[in-house]
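This is run01.txt (compact mmCIF, C-alpha atoms and all ligand atoms).
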```txt
# COMPACT_ATOMS: atom_id res chain seq x y z
CA MET A 1 -5.91 -5.35 -45.89
CA LEU A 2 -5.10 -8.08 -48.43
CA GLU A 3 -4.33 -5.45 -51.08
CA LEU A 4 -1.91 -3.74 -48.71
CA ALA A 5 -0.27 -7.07 -47.90
CA ASP A 6 0.12 -7.79 -51.64
CA LYS A 7 1.82 -4.44 -52.17
CA ILE A 8 4.23 -5.10 -49.30
CA ASN A 9 5.01 -8.63 -50.48
CA LYS A 10 5.89 -7.34 -53.98
CA LEU A 11 7.96 -4.43 -52.75
CA LYS A 12 9.94 -6.48 -50.24
CA LYS A 13 11.10 -8.77 -53.07
CA GLU A 14 12.13 -5.81 -55.23
CA LYS A 15 14.10 -4.29 -52.35
CA LYS A 16 15.65 -7.62 -51.18
CA ALA A 17 14.06 -7.12 -47.79
CA ILE A 18 13.00 -9.70 -45.24
CA ILE A 19 10.18 -9.13 -42.75
CA LEU A 20 10.42 -10.68 -39.30
CA ALA A 21 7.44 -10.66 -36.96
CA HIS A 22 7.52 -11.35 -33.25
CA CYS A 23 4.67 -13.59 -32.09
CA TYR A 24 3.28 -10.77 -29.90
CA GLN A 25 2.51 -8.67 -33.01
CA ASN A 26 -1.04 -8.13 -34.29
CA PRO A 27 -1.90 -11.31 -36.27
CA GLU A 28 -2.37 -9.49 -39.63
CA ILE A 29 1.39 -8.77 -39.66
CA ASP A 30 1.87 -12.49 -40.42
CA LEU A 31 0.39 -11.83 -43.90
CA VAL A 32 3.69 -10.20 -44.90
CA ALA A 33 6.14 -11.89 -42.52
CA ASP A 34 8.83 -14.22 -43.83
CA TYR A 35 9.28 -15.60 -40.32
CA VAL A 36 7.26 -15.39 -37.12
CA GLY A 37 8.96 -16.32 -33.86
CA ASP A 38 10.67 -15.23 -30.67
CA SER A 39 13.12 -12.36 -30.47
CA LEU A 40 16.47 -14.13 -30.45
CA GLY A 41 15.36 -16.82 -32.91
CA LEU A 42 14.33 -14.14 -35.40
CA SER A 43 17.59 -12.21 -35.00
CA ARG A 44 19.61 -15.36 -35.56
CA LEU A 45 17.58 -16.17 -38.67
CA ALA A 46 18.12 -12.65 -39.97
CA SER A 47 21.88 -12.98 -39.70
CA LYS A 48 21.78 -16.07 -41.92
CA THR A 49 19.76 -14.68 -44.84
CA ASP A 50 21.20 -12.78 -47.80
CA ALA A 51 18.54 -10.07 -47.55
CA GLU A 52 19.88 -6.51 -47.62
CA ILE A 53 17.14 -5.02 -45.46
CA ILE A 54 15.63 -6.50 -42.31
CA ILE A 55 12.28 -5.13 -41.23
CA PHE A 56 11.76 -6.15 -37.62
CA ALA A 57 8.12 -6.01 -36.58
CA GLY A 58 8.71 -6.15 -32.86
CA VAL A 59 10.08 -3.74 -30.26
CA TYR A 60 13.28 -1.69 -30.33
CA PHE A 61 15.60 -4.03 -28.38
CA MET A 62 14.72 -6.86 -30.79
CA ALA A 63 15.63 -4.81 -33.87
CA GLU A 64 18.81 -3.76 -32.07
CA THR A 65 19.70 -7.41 -31.40
CA ALA A 66 19.23 -8.13 -35.11
CA LYS A 67 21.61 -5.23 -35.89
CA ILE A 68 24.19 -6.56 -33.39
CA LEU A 69 24.14 -9.91 -35.21
CA SER A 70 23.93 -8.43 -38.74
CA PRO A 71 25.98 -5.21 -38.82
CA ASP A 72 26.15 -5.08 -42.63
CA LYS A 73 22.39 -5.14 -43.11
CA LYS A 74 20.00 -2.24 -42.86
CA VAL A 75 17.66 -2.94 -39.92
CA LEU A 76 14.36 -1.06 -39.79
CA LEU A 77 11.75 -0.76 -37.03
CA PRO A 78 8.42 0.08 -38.73
CA ASN A 79 7.04 2.20 -35.87
CA LYS A 80 9.45 4.13 -33.70
CA ASN A 81 7.09 4.09 -30.69
CA SER A 82 7.67 0.36 -30.21
CA GLY A 83 9.78 0.31 -27.08
CA CYS A 84 9.90 -2.18 -24.21
CA ASN A 85 9.17 -0.99 -20.67
CA MET A 86 11.38 -3.66 -19.16
CA ALA A 87 14.39 -2.89 -21.37
CA ASP A 88 13.96 0.82 -20.57
CA MET A 89 14.17 0.17 -16.82
CA ILE A 90 17.97 -0.10 -16.91
CA ASN A 91 20.36 2.22 -18.74
CA LEU A 92 24.15 2.38 -18.93
CA LYS A 93 24.53 4.41 -15.73
CA GLN A 94 22.21 2.08 -13.80
CA VAL A 95 23.93 -1.11 -14.97
CA LYS A 96 27.31 0.35 -13.99
CA GLU A 97 25.95 1.27 -10.53
CA PHE A 98 24.47 -2.23 -10.13
CA LYS A 99 27.86 -3.77 -10.90
CA ALA A 100 29.75 -1.32 -8.67
CA LYS A 101 27.46 -2.13 -5.71
CA ASN A 102 28.15 -5.86 -6.21
CA PRO A 103 31.78 -6.09 -7.35
CA ASP A 104 33.41 -9.24 -8.78
CA ILE A 105 30.11 -11.02 -9.41
CA PRO A 106 29.29 -12.06 -13.00
CA LEU A 107 26.35 -10.25 -14.60
CA VAL A 108 23.80 -12.22 -16.64
CA CYS A 109 21.58 -10.08 -18.76
CA TYR A 110 18.26 -11.02 -20.29
CA VAL A 111 18.11 -10.30 -24.05
CA ASN A 112 15.23 -7.92 -23.27
CA SER A 113 17.73 -5.10 -22.69
CA THR A 114 19.47 -2.40 -24.71
CA ALA A 115 22.74 -2.92 -26.59
CA GLU A 116 24.67 -0.78 -24.10
CA VAL A 117 23.44 -2.93 -21.20
CA LYS A 118 24.29 -6.14 -23.09
CA ALA A 119 27.76 -4.68 -23.67
CA GLU A 120 28.28 -4.35 -19.90
CA CYS A 121 27.32 -7.91 -19.00
CA ASP A 122 29.30 -11.15 -18.97
CA ILE A 123 26.74 -13.26 -20.77
CA CYS A 124 23.19 -12.90 -22.13
CA CYS A 125 20.26 -15.26 -21.62
CA THR A 126 16.70 -15.72 -22.85
CA SER A 127 13.68 -16.84 -20.86
CA ALA A 128 14.21 -20.29 -22.43
CA ASN A 129 17.80 -20.79 -21.29
CA ALA A 130 18.23 -18.55 -18.20
CA ILE A 131 18.66 -21.48 -15.76
CA ASN A 132 21.29 -23.19 -17.95
CA ILE A 133 23.19 -19.97 -18.53
CA VAL A 134 23.42 -19.18 -14.80
CA LYS A 135 24.41 -22.80 -14.08
CA SER A 136 27.13 -22.64 -16.76
CA LEU A 137 28.94 -19.89 -14.84
CA ASN A 138 29.66 -22.19 -11.86
CA ALA A 139 29.50 -19.13 -9.62
CA LYS A 140 28.30 -18.85 -6.00
CA LYS A 141 26.69 -15.48 -6.71
CA VAL A 142 25.28 -14.07 -9.93
CA LEU A 143 23.87 -10.66 -10.83
CA PHE A 144 20.75 -10.78 -12.98
CA ALA A 145 19.20 -7.90 -14.99
CA PRO A 146 16.77 -6.46 -15.81
CA ASP A 147 13.90 -8.84 -14.91
CA CYS A 148 13.69 -9.65 -11.19
CA TYR A 149 10.88 -12.16 -11.83
CA LEU A 150 12.91 -14.21 -14.29
CA GLY A 151 15.70 -13.81 -11.68
CA SER A 152 13.41 -15.29 -8.99
CA PHE A 153 12.52 -18.17 -11.29
CA VAL A 154 16.22 -18.95 -11.77
CA GLN A 155 16.81 -18.63 -8.02
CA LYS A 156 14.03 -21.12 -7.25
CA ASN A 157 15.52 -23.63 -9.68
CA LEU A 158 19.14 -23.14 -8.57
CA PRO A 159 19.04 -22.94 -4.75
CA ASP A 160 22.83 -23.31 -4.45
CA VAL A 161 23.46 -20.05 -6.33
CA GLU A 162 22.65 -16.64 -4.88
CA VAL A 163 20.88 -14.67 -7.61
CA ILE A 164 20.99 -10.92 -7.01
CA SER A 165 18.34 -9.38 -9.27
CA TYR A 166 18.00 -5.84 -10.57
CA PRO A 167 14.47 -4.55 -9.79
CA GLY A 168 13.16 -4.49 -13.39
CA PHE A 169 9.97 -6.19 -14.57
CA CYS A 170 7.56 -6.61 -17.45
CA PRO A 171 4.36 -4.63 -16.77
CA THR A 172 2.39 -6.86 -19.14
CA HIS A 173 3.24 -10.18 -17.50
CA LEU A 174 2.93 -8.70 -14.03
CA ARG A 175 -0.70 -7.75 -14.63
CA ILE A 176 -1.98 -11.27 -14.08
CA ILE A 177 -2.64 -12.19 -10.44
CA PRO A 178 -2.89 -15.71 -8.90
CA ASP A 179 -6.63 -15.35 -8.23
CA GLU A 180 -7.34 -15.20 -11.98
CA ILE A 181 -5.53 -18.52 -12.49
CA VAL A 182 -7.32 -20.12 -9.55
CA LYS A 183 -10.70 -19.09 -11.02
CA MET A 184 -9.69 -20.42 -14.44
CA LYS A 185 -8.71 -23.75 -12.86
CA ILE A 186 -12.22 -24.06 -11.39
CA LEU A 187 -13.83 -23.18 -14.72
CA TYR A 188 -11.67 -25.47 -16.87
CA LYS A 189 -10.84 -28.45 -14.64
CA ASP A 190 -8.85 -30.46 -17.18
CA ALA A 191 -6.95 -27.55 -18.71
CA LYS A 192 -3.17 -27.25 -18.51
CA ILE A 193 -1.85 -23.95 -17.16
CA LEU A 194 1.16 -22.59 -19.08
CA VAL A 195 3.00 -19.59 -17.63
CA HIS A 196 5.83 -17.33 -18.84
CA PRO A 197 8.58 -16.84 -16.22
CA GLU A 198 8.23 -13.03 -16.44
CA CYS A 199 5.02 -13.48 -14.41
CA HIS A 200 4.99 -13.08 -10.63
CA GLN A 201 6.35 -16.09 -8.71
CA GLU A 202 2.93 -16.65 -7.11
CA VAL A 203 1.49 -17.11 -10.62
CA VAL A 204 4.42 -19.27 -11.72
CA LYS A 205 3.74 -21.57 -8.71
CA LEU A 206 0.31 -22.44 -10.15
CA ALA A 207 1.65 -23.55 -13.54
CA ASP A 208 1.72 -27.03 -15.02
CA PHE A 209 4.44 -25.81 -17.37
CA VAL A 210 6.71 -22.73 -17.23
CA GLY A 211 8.44 -21.64 -20.42
CA SER A 212 9.36 -18.94 -22.90
CA THR A 213 6.92 -17.99 -25.67
CA THR A 214 8.46 -20.55 -28.04
CA GLN A 215 8.54 -23.27 -25.38
CA ILE A 216 4.86 -22.63 -24.58
CA MET A 217 3.96 -22.90 -28.28
CA GLN A 218 6.01 -26.09 -28.65
CA TYR A 219 4.34 -27.59 -25.57
CA CYS A 220 0.89 -26.96 -27.10
CA GLU A 221 1.97 -28.50 -30.39
CA SER A 222 3.57 -31.60 -28.90
CA THR A 223 1.00 -32.53 -26.22
CA LYS A 224 -2.48 -33.93 -26.69
CA HIS A 225 -4.55 -32.00 -24.14
CA LYS A 226 -7.78 -30.38 -25.25
CA THR A 227 -7.64 -27.10 -23.31
CA TYR A 228 -4.71 -24.83 -22.46
CA ILE A 229 -4.79 -21.71 -20.30
CA ILE A 230 -2.03 -19.39 -21.41
CA ALA A 231 -0.41 -16.79 -19.15
CA THR A 232 1.69 -14.83 -21.58
CA GLU A 233 1.04 -12.14 -24.19
CA LYS A 234 -2.21 -12.35 -26.22
CA GLY A 235 -0.41 -12.71 -29.58
CA VAL A 236 0.69 -16.22 -28.59
CA VAL A 237 -2.94 -17.27 -28.06
CA ASP A 238 -4.00 -15.64 -31.38
CA ARG A 239 -1.46 -17.76 -33.25
CA LEU A 240 -2.14 -20.98 -31.32
CA LYS A 241 -5.89 -20.68 -32.09
CA ARG A 242 -5.12 -20.21 -35.77
CA ASP A 243 -2.56 -23.01 -36.01
CA PHE A 244 -4.34 -25.65 -33.89
CA PRO A 245 -8.09 -25.10 -34.42
CA GLU A 246 -8.90 -28.52 -32.95
CA LYS A 247 -7.60 -27.45 -29.51
CA GLU A 248 -8.89 -24.80 -27.09
CA PHE A 249 -6.64 -21.94 -25.98
CA ILE A 250 -7.70 -19.46 -23.33
CA LEU A 251 -5.83 -16.27 -22.46
CA ALA A 252 -5.46 -16.40 -18.66
CA SER A 253 -6.38 -12.71 -18.34
CA SER A 254 -7.64 -10.14 -20.85
CA LYS A 255 -4.99 -7.79 -19.36
CA LEU A 256 -2.15 -9.80 -20.96
CA VAL A 257 -1.65 -7.42 -23.90
CA CYS A 258 1.68 -5.71 -24.56
CA HIS A 259 0.67 -2.40 -26.09
CA ASN A 260 4.28 -1.67 -27.09
CA MET A 261 4.05 -4.65 -29.43
CA LYS A 262 0.85 -3.52 -31.11
CA TRP A 263 2.11 -0.24 -32.61
CA ASN A 264 3.36 -1.74 -35.87
CA THR A 265 0.70 -1.78 -38.61
CA LEU A 266 0.78 -2.96 -42.23
CA GLU A 267 0.81 0.74 -43.27
CA ASP A 268 3.92 1.27 -41.12
CA ILE A 269 5.62 -1.69 -42.79
CA LEU A 270 4.81 -0.33 -46.25
CA ASN A 271 6.17 3.10 -45.27
CA SER A 272 9.20 1.45 -43.78
CA LEU A 273 9.92 -0.27 -47.13
CA ILE A 274 9.28 2.86 -49.21
CA HIS A 275 11.21 5.34 -47.04
CA ASN A 276 13.79 3.03 -45.37
CA GLN A 277 12.50 4.05 -41.95
CA PHE A 278 13.23 3.85 -39.01
CA GLU A 279 16.82 2.71 -39.19
CA VAL A 280 18.34 1.13 -36.06
CA THR A 281 22.05 1.68 -35.51
CA VAL A 282 24.46 0.54 -32.80
CA GLU A 283 27.81 2.17 -32.16
CA GLU A 284 30.54 -0.29 -33.27
CA GLU A 285 32.41 -0.58 -29.96
CA ILE A 286 29.15 -1.29 -28.08
CA ARG A 287 28.01 -3.67 -30.81
CA LYS A 288 31.17 -5.79 -30.55
CA LYS A 289 30.93 -6.08 -26.77
CA ALA A 290 27.19 -6.89 -26.90
CA LEU A 291 27.90 -9.48 -29.59
CA THR A 292 30.44 -11.20 -27.32
CA SER A 293 27.78 -11.52 -24.58
CA ILE A 294 25.30 -13.00 -27.06
CA GLN A 295 27.88 -15.36 -28.57
CA ARG A 296 28.88 -16.63 -25.11
CA MET A 297 25.23 -17.51 -24.54
CA ILE A 298 24.95 -19.30 -27.88
CA GLU A 299 28.03 -21.39 -27.06
CA VAL A 300 26.48 -22.77 -23.84
CA LYS A 301 24.95 -26.19 -24.49
P1 LIG A 401 10.83 -13.88 -26.36
O1 LIG A 401 12.25 -13.71 -25.90
O2 LIG A 401 10.27 -15.21 -26.02
O3 LIG A 401 10.68 -13.49 -27.77
O4 LIG A 401 9.93 -12.87 -25.48
C1 LIG A 401 10.09 -11.54 -25.63
C2 LIG A 401 9.33 -10.79 -24.67
O5 LIG A 401 9.20 -9.62 -24.82
C3 LIG A 401 8.75 -11.47 -23.52
O6 LIG A 401 7.96 -10.59 -22.85
FE1 LIG A 402 8.75 -5.74 -23.04
FE2 LIG A 402 6.99 -7.04 -21.53
FE3 LIG A 402 6.25 -6.12 -23.87
FE4 LIG A 402 7.92 -8.18 -23.72
S1 LIG A 402 5.79 -8.14 -23.08
S2 LIG A 402 8.11 -6.40 -25.07
S3 LIG A 402 9.11 -7.62 -21.90
S4 LIG A 402 6.92 -4.88 -22.11
```

Translate this file's structure into structure tokens.
Ligand code: 13P
Ligand code: SF4
Amino acid sequence: MLELADKINKLKKEKKAIILAHCYQNPEIDLVADYVGDSLGLSRLASKTDAEIIIFAGVYFMAETAKILSPDKKVLLPNKNSGCNMADMINLKQVKEFKAKNPDIPLVCYVNSTAEVKAECDICCTSANAINIVKSLNAKKVLFAPDCYLGSFVQKNLPDVEVISYPGFCPTHLRIIPDEIVKMKILYKDAKILVHPECHQEVVKLADFVGSTTQIMQYCESTKHKTYIIATEKGVVDRLKRDFPEKEFILASSKLVCHNMKWNTLEDILNSLIHNQFEVTVEEEIRKKALTSIQRMIEVK
């Protein structure tokens, strides 16, 4: 494995490539990654580097977001099977129907969506800033897509706004049920429970802290508790264990694995570098509109 990583690290320099790894990837991908992080953070980093090639070890919508922000760079997804079930739950026709059924209401769209869906919305959001983004619209009603659980989380925090959610969801985060958390609380009495807002509201209710992947990792870094129970994808726990060996991190359920995220291997990354595969492209008109939605989000304080 180390030999393969060496080969990749040499070749990426020769080809002026940068490798970005989402924190849900298999941990060995970090051996070749220039940056490890969350989806939007990585895409924003990519747009600031002078690399000519961006290899995005993540899922398709993430590589597409990098392309939206960096149209002049070649963006490659190492394994073309890496899709996202949630992003695939809403296509162009469905987003248009959702808007037509609820006319004159602004549409907020989670970055976990395709470029053509982003292009149809008024503003994007992440799981870290969804509440602020909805608040910034000063609207009585807001459409929210694709994740109805993140939508419910926003609704709970902003009772004066009516949040009308599209019925999409993340199958990974939905796998954990409240009973598993309750049992964990009995087993680890002093542990803090950290939950991603893509989980079911009944799971979110049991949390000591609710946040995006990055916010969960920052919480673990900045607090002094001994034990943390983590209800988000397994990759986050893998990295927390490695980075903070003095603390204890427990995955709230062994079912919290996003298989879409685990397709990319070091071999795929090497092939991606050698053969320039698999290139992600976005039609220019769609790209510009999607970019506007992302930029509006970035401008919100
Ligand atoms: P981030 O936006 O935190 O990278 O999360 C991506 C994701 O797929 C969550 O399920
Ligand atoms: Fe998509 Fe869920 Fe996997 Fe994230 S964890 S990439 S939202 S399927």

* Pick from A:Asp104, A:Asp160, A:Glu28, A:Glu233 nearest to ligand LIG 401 (chain A), counting only C-alpha atoms and all ligand atoms ->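 Going through A:Asp104, A:Asp160, A:Glu28, A:Glu233 one by one, the smallest distance to ligand LIG 401 (chain A) is for A:Glu233.
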
* Counting all atoms listed in the file, find the residues whose atoms lie at most 10 Å from (2.2, -2.6, -47.6) (file coordinates) and write them out as a list in words. =>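 Returned residue set, sorted by chain then number, is Met1, Leu2, Glu3, Leu4, Ala5, Asp6, Lys7, Ile8, Asn9, Lys10, Leu11, Lys12, Val32, Thr265, Leu266, Glu267, Asp268, Ile269, Leu270, Asn271, Ser272, Leu273 and Ile274 of chain A.
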
* Got a sec to check which residues lie within 8 Å of ligand LIG 401 (chain A), using all atoms listed in the file, and send them as a list in words? -> His22, Cys23, Tyr24, Gly37, Asp38, Ser39, Leu40, Gly41, Cys84, Val111, Asn112, Thr126, Ser127, Ala128, Cys170, Thr172, His173, Glu198, Ser212, Thr213, Thr214, Thr232 and Glu233 of chain A

* Using only C-alpha atoms, which of the listed residues (A:Phe249, A:Pro71, A:Gly211, A:Lys80) sits closest to A:Glu285? ->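 For A:Glu285, the nearest of the given residues is A:Pro71.
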
* To do: Just the residues within 9 Å of stretch 92-99 of chain A, please, counting all atoms listed in the file, with nothing from its chain fewer than 6 positions along; format it as a PyMOL selection string.
  => chain A and resi 105-107+114+116-117+120-121+143+145-146+166

* For each of A:Asp50, A:Glu180, A:Glu284, A:Asp147, take the minimum atom-to-atom distance to ligand LIG 402 (chain A), counting only C-alpha atoms and all ligand atoms, then give the residue where this is smallest. => A:Asp147
